[in-house]
Protein chains: 2
Amino acid sequence: MTRQSKLAVQALQWTGAALKVLDQRQLPETIVYDEYSDAAGVTEAIASMRVRGAPAIGIAAAYGVVLSVMRHYSAGSDQWRQQVTADIDRLAHSRPTAVNLFWALDQMKSALNQAQGDPLATALICAEKIHADDIAANHAMGELGADILAGAKGIMTHCNAGALATGGYGTALGVIRSVYRRQPVNVYAGETRPWLQGARLTVWELAQDGIPATLIADSAAAWLMKSGAIDWIVVGADRIAANGDAANKIGTYSLAVLARQHGVKLMVAAPTSTIDWSIKDGSSIEIEQRNPNELLASCYIKEDSLVSAWNPVFDVTPAELISAIVTEKGVVLNPSEHGVGSLKHADQ
Amino acid sequence: MTRQSKLAVQALQWTGAALKVLDQRQLPETIVYDEYSDAAGVTEAIASMRVRGAPAIGIAAAYGVVLSVMRHYSAGSDQWRQQVTADIDRLAHSRPTAVNLFWALDQMKSALNQAQGDPLATALICAEKIHADDIAANHAMGELGADILAGAKGIMTHCNAGALATGGYGTALGVIRSVYRRQPVNVYAGETRPWLQGARLTVWELAQDGIPATLIADSAAAWLMKSGAIDWIVVGADRIAANGDAANKIGTYSLAVLARQHGVKLMVAAPTSTIDWSIKDGSSIEIEQRNPNELLASCYIKEDSLVSAWNPVFDVTPAELISAIVTEKGVVLNPSEHGVGSLKHADQ
């Protein structure tokens, strides 16, 4: 493993004519980028989890729209608006839970609808702004989150909410990066079955950045909390309801309940593009169920009449179990509809 | 996968001259028995987790002593008692947490010390009695546990406390087998990282017996509990303190805390040989830490200065989170020192 002072690996790279997507399913064993030059390819890259993480999915989808405009408008099609709309619709169906996907596609649609000049230039400017804004938001969240975590001795995270899941720097891992720059802290990462994002991505990403981390089995978190080693759990989010309920990787709800029982606090770090203002609470969030074979494969068993698997990818943590929601626009402590609502029109 | 009405696969088979040990590390992909004709081999089989599960470890160790007597006494060594004692000592150091190991070795030592006739015959009779008694205890626990679970719609288990972990039939899975014979019930199994005993062994063992089961990621248990699908969690134990605190596979404590928060009850099913009367509570139980590479291997990372893993194999669930301890001698509801103590001199 090579060590670099700056994280050289990016989940997404725009070449000017294509989107290069780091195939995160193969990390950390193999670093390989797949290059997509149309929206259908980007849709597949999202659905297959080559790219994952709510903000990164949103950014990838935005570039997918750019590729669609490039293909249809630049090719001179009369039907280009309908064709782009169809591509956007397919991108929107790539995965159901992360709201950043729909948010980014809405941004792209608005930009294209309001475009005065060249639609391709408009689309590219919008996508690059979504990308750049996400990185800036991560850095802002990192500083705000680090303020709250001052003095923490042990921080645990779940899944990967890092540079790999975002435009760069990371949400939860952005906060951890910022804390680590200020003070020594023990970082723990849960494996995050079944895709092992914690084991494969988080520990590796932190090591690339020179930050030591300790991997644990997901089921060991409670025992670790009981030992007193953890002050805070810091996670990202795939969708936050207007009242602060937060959907995130399966296992987050478990950690939230366990944290409350052990006097450990829970921070959710996510850009405001993760907030779905259209839903009052988490009960409306569609939870993606993935293929049972993601679980069964590891044990050589195929689903049949006797053996099945229940494989929800996300769960919803109620706001009352969250100590702080950290966004680029500010922090909401002990989130509620009122507190989260204050972010809606906050100045960045 | 072949379906059989009776479980054909046994963790341990005594041939008369050797102990055949099913290599559970290779299940369910490969069914292979390794044959051991001396105590050192059995020690290695336990340490390497070819055989696992507290009762099965105890039985294997007992046969290991038989093999030691066979080798040293039957070979006519003058020093056979010292040699057998040294073998027993090595067997006792094969794994630290399961008390059944020490209990079985104590039984063998007592039998040999009191032997009037042929030490080999004495040792074999004692080991076979330990084995047979364990199977009988499992069936007794199965019936007692099933009485308590009457009407349950959903039962979850963790790790493998089945026929593979015992002399046969199983502790927690014995209870589930007995329930399933009486009424329909949905059985859920946690994967149980890092060794995947739930995924590789429990789901497979149940399918061999015609019992449908649903596999879940360990971290999905809380979300499943929140859905209302689970009435009881049923697990085995590796050591139970005099007050009812129970050491079991890492993740059991997590499930216990989550169960209490969701109104789900927790049953610990274990033979009385699992009770360590010498310890007042669970704080004295040595928790085995295994090689960090058991976690790191799955993500292609080697332990170094930046990347490490914390890999306790067991945790301790306090008695107050346990709704029922089920043994072959009777059931203790809401266990305490008084309740557990009642088992000490109970008639079987």
# chains A, B, ... in the order shown; residues from 1 in each chain; ligands from 1
>>> closest_atom_pairs(of="chain B", to="chain A", cutoff="6 Å", atoms="only C-alpha atoms", output="JSON lines")
{"residue": "B:Ala199", "atom": "CA", "partner": "A:Cys299", "partner_atom": "CA", "distance": 5.7}
{"residue": "B:Arg200", "atom": "CA", "partner": "A:Cys299", "partner_atom": "CA", "distance": 5.0}
{"residue": "B:Ala207", "atom": "CA", "partner": "A:Leu306", "partner_atom": "CA", "distance": 5.9}
{"residue": "B:Pro212", "atom": "CA", "partner": "A:Leu306", "partner_atom": "CA", "distance": 4.0}
{"residue": "B:Ala213", "atom": "CA", "partner": "A:Val307", "partner_atom": "CA", "distance": 5.4}
{"residue": "B:Thr214", "atom": "CA", "partner": "A:Ser308", "partner_atom": "CA", "distance": 4.7}
{"residue": "B:Leu215", "atom": "CA", "partner": "A:Ala309", "partner_atom": "CA", "distance": 4.4}
{"residue": "B:Ile216", "atom": "CA", "partner": "A:Trp310", "partner_atom": "CA", "distance": 5.4}
{"residue": "B:Ser219", "atom": "CA", "partner": "A:Gly251", "partner_atom": "CA", "distance": 4.3}
{"residue": "B:Ala220", "atom": "CA", "partner": "A:Gly251", "partner_atom": "CA", "distance": 5.6}
{"residue": "B:Ala222", "atom": "CA", "partner": "A:Ser254", "partner_atom": "CA", "distance": 5.1}
{"residue": "B:Ile250", "atom": "CA", "partner": "A:Ala220", "partner_atom": "CA", "distance": 6.0}
{"residue": "B:Gly251", "atom": "CA", "partner": "A:Ser219", "partner_atom": "CA", "distance": 4.3}
{"residue": "B:Ser254", "atom": "CA", "partner": "A:Ala222", "partner_atom": "CA", "distance": 5.1}
{"residue": "B:Cys299", "atom": "CA", "partner": "A:Arg200", "partner_atom": "CA", "distance": 4.9}
{"residue": "B:Leu306", "atom": "CA", "partner": "A:Pro212", "partner_atom": "CA", "distance": 4.0}
{"residue": "B:Val307", "atom": "CA", "partner": "A:Ala213", "partner_atom": "CA", "distance": 5.4}
{"residue": "B:Ser308", "atom": "CA", "partner": "A:Thr214", "partner_atom": "CA", "distance": 4.7}
{"residue": "B:Ala309", "atom": "CA", "partner": "A:Leu215", "partner_atom": "CA", "distance": 4.4}
{"residue": "B:Trp310", "atom": "CA", "partner": "A:Ile216", "partner_atom": "CA", "distance": 5.4}
>>> residues_around(residues="A:Leu112", least_positions_apart="6", cutoff="10 Å", atoms="only C-alpha atoms", output="ChimeraX atom specification")
/A:65,69,81,84,106,118-123,126
>>> select_by_dssp(residues="stretch 109-247 of chain B", states="strand (DSSP E)", output="list in words")
Gly154, Ile155, Met156, Thr157, Asn186, Val187, Tyr188, Ala189, Gly190, Ala213, Thr214, Leu215, Ile216, Trp232, Ile233, Val234, Val235, Arg239, Ile240, Ala241, Ala246 and Ala247 of chain B
>>> select_by_dssp(residues="stretch 161-218 of chain B", states="alpha helix (DSSP H)", output="ChimeraX atom specification")
/B:172-182,197,203-208
>>> write_last_selection(atoms="N, CA, C and O atoms", output="tab-separated table (two decimals), in the first residue's frame")
chain	number	residue	atom	x	y	z
B	172	ALA	N	-29.21	-23.88	21.46
B	172	ALA	CA	-30.18	-22.93	20.89
B	172	ALA	C	-30.91	-23.55	19.70
B	172	ALA	O	-32.13	-23.42	19.57
B	173	LEU	N	-30.18	-24.23	18.82
B	173	LEU	CA	-30.85	-24.83	17.66
B	173	LEU	C	-31.66	-26.06	18.07
B	173	LEU	O	-32.62	-26.41	17.38
B	174	GLY	N	-31.30	-26.69	19.17
B	174	GLY	CA	-32.14	-27.76	19.70
B	174	GLY	C	-33.50	-27.20	20.10
B	174	GLY	O	-34.55	-27.77	19.78
B	175	VAL	N	-33.48	-26.07	20.78
B	175	VAL	CA	-34.74	-25.41	21.15
B	175	VAL	C	-35.53	-25.05	19.89
B	175	VAL	O	-36.74	-25.31	19.81
B	176	ILE	N	-34.84	-24.49	18.91
B	176	ILE	CA	-35.53	-24.10	17.67
B	176	ILE	C	-36.08	-25.34	16.94
B	176	ILE	O	-37.21	-25.34	16.45
B	177	ARG	N	-35.30	-26.43	16.91
B	177	ARG	CA	-35.81	-27.68	16.32
B	177	ARG	C	-37.09	-28.13	17.03
B	177	ARG	O	-38.07	-28.51	16.38
B	178	SER	N	-37.06	-28.09	18.36
B	178	SER	CA	-38.22	-28.57	19.11
B	178	SER	C	-39.43	-27.66	18.90
B	178	SER	O	-40.56	-28.15	18.78
B	179	VAL	N	-39.20	-26.36	18.83
B	179	VAL	CA	-40.31	-25.44	18.55
B	179	VAL	C	-40.89	-25.73	17.18
B	179	VAL	O	-42.12	-25.82	17.02
B	180	TYR	N	-40.01	-25.88	16.21
B	180	TYR	CA	-40.46	-26.04	14.83
B	180	TYR	C	-41.28	-27.32	14.64
B	180	TYR	O	-42.17	-27.38	13.80
B	181	ARG	N	-40.99	-28.33	15.44
B	181	ARG	CA	-41.80	-29.57	15.37
B	181	ARG	C	-43.21	-29.34	15.87
B	181	ARG	O	-44.12	-30.08	15.54
B	182	ARG	N	-43.35	-28.34	16.73
B	182	ARG	CA	-44.66	-28.11	17.35
B	182	ARG	C	-45.51	-27.11	16.59
B	182	ARG	O	-46.74	-27.16	16.62
B	197	GLN	N	-20.35	-18.18	11.30
B	197	GLN	CA	-20.95	-19.44	11.75
B	197	GLN	C	-22.45	-19.48	11.46
B	197	GLN	O	-23.02	-20.54	11.20
B	203	VAL	N	-27.59	-21.81	9.07
B	203	VAL	CA	-28.56	-21.86	7.98
B	203	VAL	C	-28.47	-23.22	7.27
B	203	VAL	O	-29.47	-23.84	6.94
B	204	TRP	N	-27.26	-23.69	7.10
B	204	TRP	CA	-27.04	-24.98	6.43
B	204	TRP	C	-27.55	-26.14	7.29
B	204	TRP	O	-28.25	-27.02	6.79
B	205	GLU	N	-27.22	-26.08	8.57
B	205	GLU	CA	-27.65	-27.17	9.46
B	205	GLU	C	-29.18	-27.23	9.53
B	205	GLU	O	-29.77	-28.31	9.51
B	206	LEU	N	-29.82	-26.09	9.60
B	206	LEU	CA	-31.29	-26.07	9.64
B	206	LEU	C	-31.87	-26.60	8.33
B	206	LEU	O	-32.84	-27.36	8.34
B	207	ALA	N	-31.27	-26.20	7.21
B	207	ALA	CA	-31.77	-26.68	5.92
B	207	ALA	C	-31.63	-28.19	5.81
B	207	ALA	O	-32.51	-28.87	5.29
B	208	GLN	N	-30.53	-28.73	6.34
B	208	GLN	CA	-30.34	-30.19	6.34
B	208	GLN	C	-31.49	-30.88	7.07
B	208	GLN	O	-31.84	-32.01	6.78
>>> closest_residue(among="A:Leu124, A:Ile285, A:Val32, A:Leu343", to="A:Gly64", atoms="only C-alpha atoms")
A:Leu124
>>> closest_residue(among="A:Gly41, A:Pro55, A:Gly76, A:Pro271", to="A:Arg90", atoms="only C-alpha atoms")
A:Gly41
>>> residues_around(residues="A:Glu328", least_positions_apart="2", cutoff="7 Å", atoms="only C-alpha atoms", output="number ranges by chain")
A: 137-138, 140-141, 271-272, 326, 330, 348
>>> write_last_selection(atoms="all heavy atoms", output="mmCIF file, in the first residue's frame")
data_model
loop_
_atom_site.group_PDB
_atom_site.id
_atom_site.type_symbol
_atom_site.label_atom_id
_atom_site.label_comp_id
_atom_site.auth_asym_id
_atom_site.auth_seq_id
_atom_site.Cartn_x
_atom_site.Cartn_y
_atom_site.Cartn_z
ATOM 1 N N ALA A 137 -18.582 21.831 0.684
ATOM 2 C CA ALA A 137 -19.478 21.503 1.800
ATOM 3 C C ALA A 137 -18.803 20.525 2.757
ATOM 4 O O ALA A 137 -18.911 20.650 3.982
ATOM 5 C CB ALA A 137 -20.783 20.914 1.262
ATOM 6 N N ASN A 138 -18.087 19.542 2.195
ATOM 7 C CA ASN A 138 -17.396 18.567 3.047
ATOM 8 C C ASN A 138 -16.378 19.249 3.953
ATOM 9 O O ASN A 138 -16.275 18.934 5.138
ATOM 10 C CB ASN A 138 -16.671 17.519 2.182
ATOM 11 C CG ASN A 138 -17.635 16.539 1.543
ATOM 12 O OD1 ASN A 138 -18.792 16.446 1.934
ATOM 13 N ND2 ASN A 138 -17.158 15.816 0.552
ATOM 14 N N ALA A 140 -16.400 22.360 4.928
ATOM 15 C CA ALA A 140 -17.136 23.156 5.927
ATOM 16 C C ALA A 140 -17.658 22.265 7.045
ATOM 17 O O ALA A 140 -17.518 22.572 8.239
ATOM 18 C CB ALA A 140 -18.292 23.898 5.238
ATOM 19 N N MET A 141 -18.248 21.133 6.668
ATOM 20 C CA MET A 141 -18.754 20.178 7.673
ATOM 21 C C MET A 141 -17.631 19.647 8.536
ATOM 22 O O MET A 141 -17.804 19.434 9.747
ATOM 23 C CB MET A 141 -19.405 18.977 6.977
ATOM 24 C CG MET A 141 -20.800 19.228 6.521
ATOM 25 S SD MET A 141 -21.483 17.702 5.809
ATOM 26 C CE MET A 141 -21.048 17.936 4.103
ATOM 27 N N PRO A 271 -24.377 16.920 3.647
ATOM 28 C CA PRO A 271 -24.706 18.221 3.052
ATOM 29 C C PRO A 271 -26.223 18.428 3.037
ATOM 30 O O PRO A 271 -26.988 17.458 3.089
ATOM 31 C CB PRO A 271 -24.149 18.106 1.625
ATOM 32 C CG PRO A 271 -24.127 16.642 1.338
ATOM 33 C CD PRO A 271 -23.844 15.973 2.654
ATOM 34 N N THR A 272 -26.642 19.676 2.944
ATOM 35 C CA THR A 272 -28.092 19.939 2.955
ATOM 36 C C THR A 272 -28.791 19.327 1.743
ATOM 37 O O THR A 272 -30.005 19.129 1.781
ATOM 38 C CB THR A 272 -28.387 21.458 3.016
ATOM 39 O OG1 THR A 272 -27.610 22.111 2.002
ATOM 40 C CG2 THR A 272 -28.033 22.040 4.362
ATOM 41 N N VAL A 326 -24.730 17.638 11.282
ATOM 42 C CA VAL A 326 -23.761 18.641 10.837
ATOM 43 C C VAL A 326 -23.887 18.801 9.324
ATOM 44 O O VAL A 326 -23.737 17.833 8.576
ATOM 45 C CB VAL A 326 -22.327 18.211 11.214
ATOM 46 C CG1 VAL A 326 -21.303 19.166 10.623
ATOM 47 C CG2 VAL A 326 -22.188 18.140 12.732
ATOM 48 N N GLY A 330 -24.531 24.675 8.746
ATOM 49 C CA GLY A 330 -24.597 24.814 10.189
ATOM 50 C C GLY A 330 -24.929 23.499 10.855
ATOM 51 O O GLY A 330 -25.176 22.489 10.193
ATOM 52 N N GLN A 348 -25.172 30.079 3.293
ATOM 53 C CA GLN A 348 -24.034 29.175 3.358
ATOM 54 C C GLN A 348 -22.834 29.958 3.858
ATOM 55 O O GLN A 348 -22.027 29.470 4.582
ATOM 56 C CB GLN A 348 -23.768 28.567 1.989
ATOM 57 C CG GLN A 348 -22.741 27.443 2.051
ATOM 58 C CD GLN A 348 -22.730 26.630 0.796
ATOM 59 O OE1 GLN A 348 -23.687 26.639 0.024
ATOM 60 N NE2 GLN A 348 -21.648 25.911 0.568
#
>>> closest_residue(among="B:Val21, B:Ala324, B:Val9, B:Ala127", to="B:Ser48", atoms="only C-alpha atoms")
B:Val21
>>> residues_around(residues="B:Ala242", least_positions_apart="3", cutoff="12 Å", atoms="only C-alpha atoms", output="PyMOL selection string")
chain B and resi 239+245-247+272+274-285+318-319+325+335-344
>>> closest_residue(among="B:Asn334, B:Ser37, B:Ser227, B:Asn186", to="B:Gly16", atoms="only C-alpha atoms")
B:Ser37
>>> atom_distance(atom1="atom CA of A:Arg52", atom2="atom CA of A:Val187")
22.1 Å
>>> residues_around(residues="A:Val234", least_positions_apart="2", cutoff="8 Å", atoms="only C-alpha atoms", output="ChimeraX atom specification")
/A:155-158,172,232,236,266-269
>>> write_last_selection(atoms="all heavy atoms", output="CSV table (one decimal), in the first residue's frame")
chain,number,residue,atom,x,y,z
A,155,ILE,N,-13.6,7.7,18.3
A,155,ILE,CA,-14.7,8.0,17.4
A,155,ILE,C,-14.9,6.7,16.5
A,155,ILE,O,-13.9,6.1,16.0
A,155,ILE,CB,-14.3,9.2,16.5
A,155,ILE,CG1,-14.1,10.4,17.3
A,155,ILE,CG2,-15.5,9.4,15.4
A,155,ILE,CD1,-13.7,11.6,16.5
A,156,MET,N,-16.1,6.3,16.4
A,156,MET,CA,-16.4,5.2,15.5
A,156,MET,C,-17.2,5.7,14.3
A,156,MET,O,-18.0,6.6,14.4
A,156,MET,CB,-17.2,4.1,16.3
A,156,MET,CG,-17.5,2.9,15.4
A,156,MET,SD,-18.4,1.6,16.2
A,156,MET,CE,-18.9,0.7,14.7
A,157,THR,N,-16.9,5.0,13.1
A,157,THR,CA,-17.8,5.3,12.0
A,157,THR,C,-18.2,4.0,11.4
A,157,THR,O,-17.8,2.9,11.7
A,157,THR,CB,-17.0,6.2,10.9
A,157,THR,OG1,-17.9,6.6,9.9
A,157,THR,CG2,-15.8,5.5,10.3
A,158,HIS,N,-19.2,4.1,10.5
A,158,HIS,CA,-19.8,3.0,9.9
A,158,HIS,C,-19.9,3.2,8.4
A,158,HIS,O,-20.0,4.3,7.9
A,158,HIS,CB,-21.2,2.9,10.5
A,158,HIS,CG,-22.0,1.6,10.1
A,158,HIS,ND1,-21.5,0.3,10.3
A,158,HIS,CD2,-23.2,1.4,9.4
A,158,HIS,CE1,-22.3,-0.6,9.9
A,158,HIS,NE2,-23.4,0.0,9.3
A,172,ALA,N,-18.7,12.1,7.0
A,172,ALA,CA,-18.3,11.6,8.3
A,172,ALA,C,-16.7,11.6,8.4
A,172,ALA,O,-16.1,12.0,9.3
A,172,ALA,CB,-18.9,10.3,8.6
A,232,TRP,N,-18.0,9.2,20.5
A,232,TRP,CA,-18.9,9.6,19.4
A,232,TRP,C,-18.9,8.6,18.3
A,232,TRP,O,-17.9,8.0,18.0
A,232,TRP,CB,-18.5,10.9,18.8
A,232,TRP,CG,-18.8,12.2,19.6
A,232,TRP,CD1,-18.1,12.7,20.6
A,232,TRP,CD2,-20.0,13.0,19.4
A,232,TRP,NE1,-18.8,13.9,21.0
A,232,TRP,CE2,-19.9,14.0,20.3
A,232,TRP,CE3,-21.1,12.9,18.5
A,232,TRP,CZ2,-20.9,15.0,20.4
A,232,TRP,CZ3,-22.1,13.9,18.6
A,232,TRP,CH2,-22.0,15.0,19.5
A,236,GLY,N,-22.5,9.3,7.9
A,236,GLY,CA,-23.1,10.1,6.9
A,236,GLY,C,-24.6,9.8,6.8
A,236,GLY,O,-25.1,9.3,7.8
A,266,LEU,N,-24.2,10.4,18.9
A,266,LEU,CA,-24.2,10.1,17.5
A,266,LEU,C,-24.3,11.4,16.6
A,266,LEU,O,-25.2,12.2,16.9
A,266,LEU,CB,-25.5,9.3,17.2
A,266,LEU,CG,-25.8,9.0,15.7
A,266,LEU,CD1,-24.7,8.1,15.1
A,266,LEU,CD2,-27.1,8.3,15.5
A,267,MET,N,-23.4,11.6,15.7
A,267,MET,CA,-23.3,12.7,14.8
A,267,MET,C,-23.6,12.2,13.4
A,267,MET,O,-23.0,11.2,12.9
A,267,MET,CB,-22.0,13.4,14.8
A,267,MET,CG,-21.8,14.5,13.8
A,267,MET,SD,-20.1,15.2,13.8
A,267,MET,CE,-20.1,16.0,15.4
A,268,VAL,N,-24.6,12.9,12.7
A,268,VAL,CA,-24.8,12.6,11.3
A,268,VAL,C,-24.3,13.8,10.5
A,268,VAL,O,-24.7,15.0,10.7
A,268,VAL,CB,-26.3,12.5,11.0
A,268,VAL,CG1,-26.6,12.3,9.5
A,268,VAL,CG2,-26.8,11.2,11.8
A,269,ALA,N,-23.3,13.6,9.6
A,269,ALA,CA,-22.7,14.6,8.8
A,269,ALA,C,-23.1,14.5,7.4
A,269,ALA,O,-22.9,13.4,6.8
A,269,ALA,CB,-21.2,14.6,8.9
>>> decode(residues="stretch 37-66 of chain A", atoms="N, CA and C atoms", output="CSV table (one decimal), in the first residue's frame")
chain,number,residue,atom,x,y,z
A,37,SER,N,-19.3,7.1,-21.4
A,37,SER,CA,-19.5,8.2,-22.3
A,37,SER,C,-21.0,8.4,-22.6
A,38,ASP,N,-21.8,7.7,-21.9
A,38,ASP,CA,-23.3,8.0,-22.0
A,38,ASP,C,-24.0,7.8,-20.7
A,39,ALA,N,-25.2,8.3,-20.6
A,39,ALA,CA,-26.0,8.2,-19.4
A,39,ALA,C,-26.3,6.8,-19.0
A,40,ALA,N,-26.5,5.9,-19.9
A,40,ALA,CA,-26.9,4.5,-19.6
A,40,ALA,C,-25.7,3.9,-18.9
A,41,GLY,N,-24.5,4.2,-19.3
A,41,GLY,CA,-23.4,3.6,-18.6
A,41,GLY,C,-23.3,4.1,-17.1
A,42,VAL,N,-23.5,5.4,-16.9
A,42,VAL,CA,-23.5,6.0,-15.6
A,42,VAL,C,-24.6,5.4,-14.7
A,43,THR,N,-25.8,5.2,-15.3
A,43,THR,CA,-26.9,4.5,-14.6
A,43,THR,C,-26.4,3.2,-14.1
A,44,GLU,N,-25.8,2.4,-15.0
A,44,GLU,CA,-25.3,1.1,-14.6
A,44,GLU,C,-24.2,1.2,-13.6
A,45,ALA,N,-23.4,2.2,-13.7
A,45,ALA,CA,-22.3,2.3,-12.7
A,45,ALA,C,-22.9,2.6,-11.3
A,46,ILE,N,-24.0,3.3,-11.2
A,46,ILE,CA,-24.6,3.5,-9.9
A,46,ILE,C,-25.4,2.3,-9.4
A,47,ALA,N,-26.1,1.7,-10.3
A,47,ALA,CA,-26.9,0.5,-9.9
A,47,ALA,C,-26.1,-0.7,-9.5
A,48,SER,N,-24.9,-0.8,-10.1
A,48,SER,CA,-24.0,-1.9,-9.8
A,48,SER,C,-23.1,-1.6,-8.6
A,49,MET,N,-23.2,-0.4,-8.0
A,49,MET,CA,-22.4,0.0,-6.9
A,49,MET,C,-20.9,0.2,-7.2
A,50,ARG,N,-20.6,0.4,-8.5
A,50,ARG,CA,-19.2,0.8,-8.8
A,50,ARG,C,-19.0,2.2,-8.1
A,51,VAL,N,-19.9,3.1,-8.2
A,51,VAL,CA,-19.9,4.3,-7.4
A,51,VAL,C,-21.0,4.2,-6.4
A,52,ARG,N,-20.7,4.6,-5.1
A,52,ARG,CA,-21.7,4.5,-4.1
A,52,ARG,C,-21.4,5.7,-3.1
A,53,GLY,N,-22.4,5.9,-2.2
A,53,GLY,CA,-22.3,7.0,-1.3
A,53,GLY,C,-23.2,8.1,-1.9
A,54,ALA,N,-24.1,8.6,-1.0
A,54,ALA,CA,-25.1,9.5,-1.5
A,54,ALA,C,-24.6,10.7,-2.3
A,55,PRO,N,-23.7,11.5,-1.8
A,55,PRO,CA,-23.2,12.6,-2.6
A,55,PRO,C,-22.5,12.2,-3.9
A,56,ALA,N,-21.7,11.2,-3.9
A,56,ALA,CA,-21.0,10.8,-5.1
A,56,ALA,C,-22.0,10.3,-6.1
A,57,ILE,N,-23.1,9.6,-5.7
A,57,ILE,CA,-24.1,9.2,-6.6
A,57,ILE,C,-24.8,10.4,-7.3
A,58,GLY,N,-25.0,11.4,-6.5
A,58,GLY,CA,-25.6,12.7,-7.1
A,58,GLY,C,-24.7,13.3,-8.1
A,59,ILE,N,-23.4,13.4,-7.8
A,59,ILE,CA,-22.5,14.0,-8.7
A,59,ILE,C,-22.4,13.2,-10.0
A,60,ALA,N,-22.3,11.8,-9.8
A,60,ALA,CA,-22.2,11.0,-11.0
A,60,ALA,C,-23.4,11.2,-11.9
A,61,ALA,N,-24.6,11.2,-11.3
A,61,ALA,CA,-25.8,11.4,-12.0
A,61,ALA,C,-25.8,12.7,-12.8
A,62,ALA,N,-25.3,13.8,-12.2
A,62,ALA,CA,-25.2,15.1,-12.8
A,62,ALA,C,-24.3,15.0,-14.1
A,63,TYR,N,-23.2,14.3,-14.0
A,63,TYR,CA,-22.3,14.2,-15.2
A,63,TYR,C,-23.0,13.2,-16.2
A,64,GLY,N,-23.8,12.3,-15.7
A,64,GLY,CA,-24.6,11.5,-16.6
A,64,GLY,C,-25.5,12.3,-17.5
A,65,VAL,N,-26.1,13.3,-16.9
A,65,VAL,CA,-26.9,14.2,-17.7
A,65,VAL,C,-26.1,15.0,-18.7
A,66,VAL,N,-24.9,15.4,-18.3
A,66,VAL,CA,-24.0,16.1,-19.2
A,66,VAL,C,-23.8,15.2,-20.4
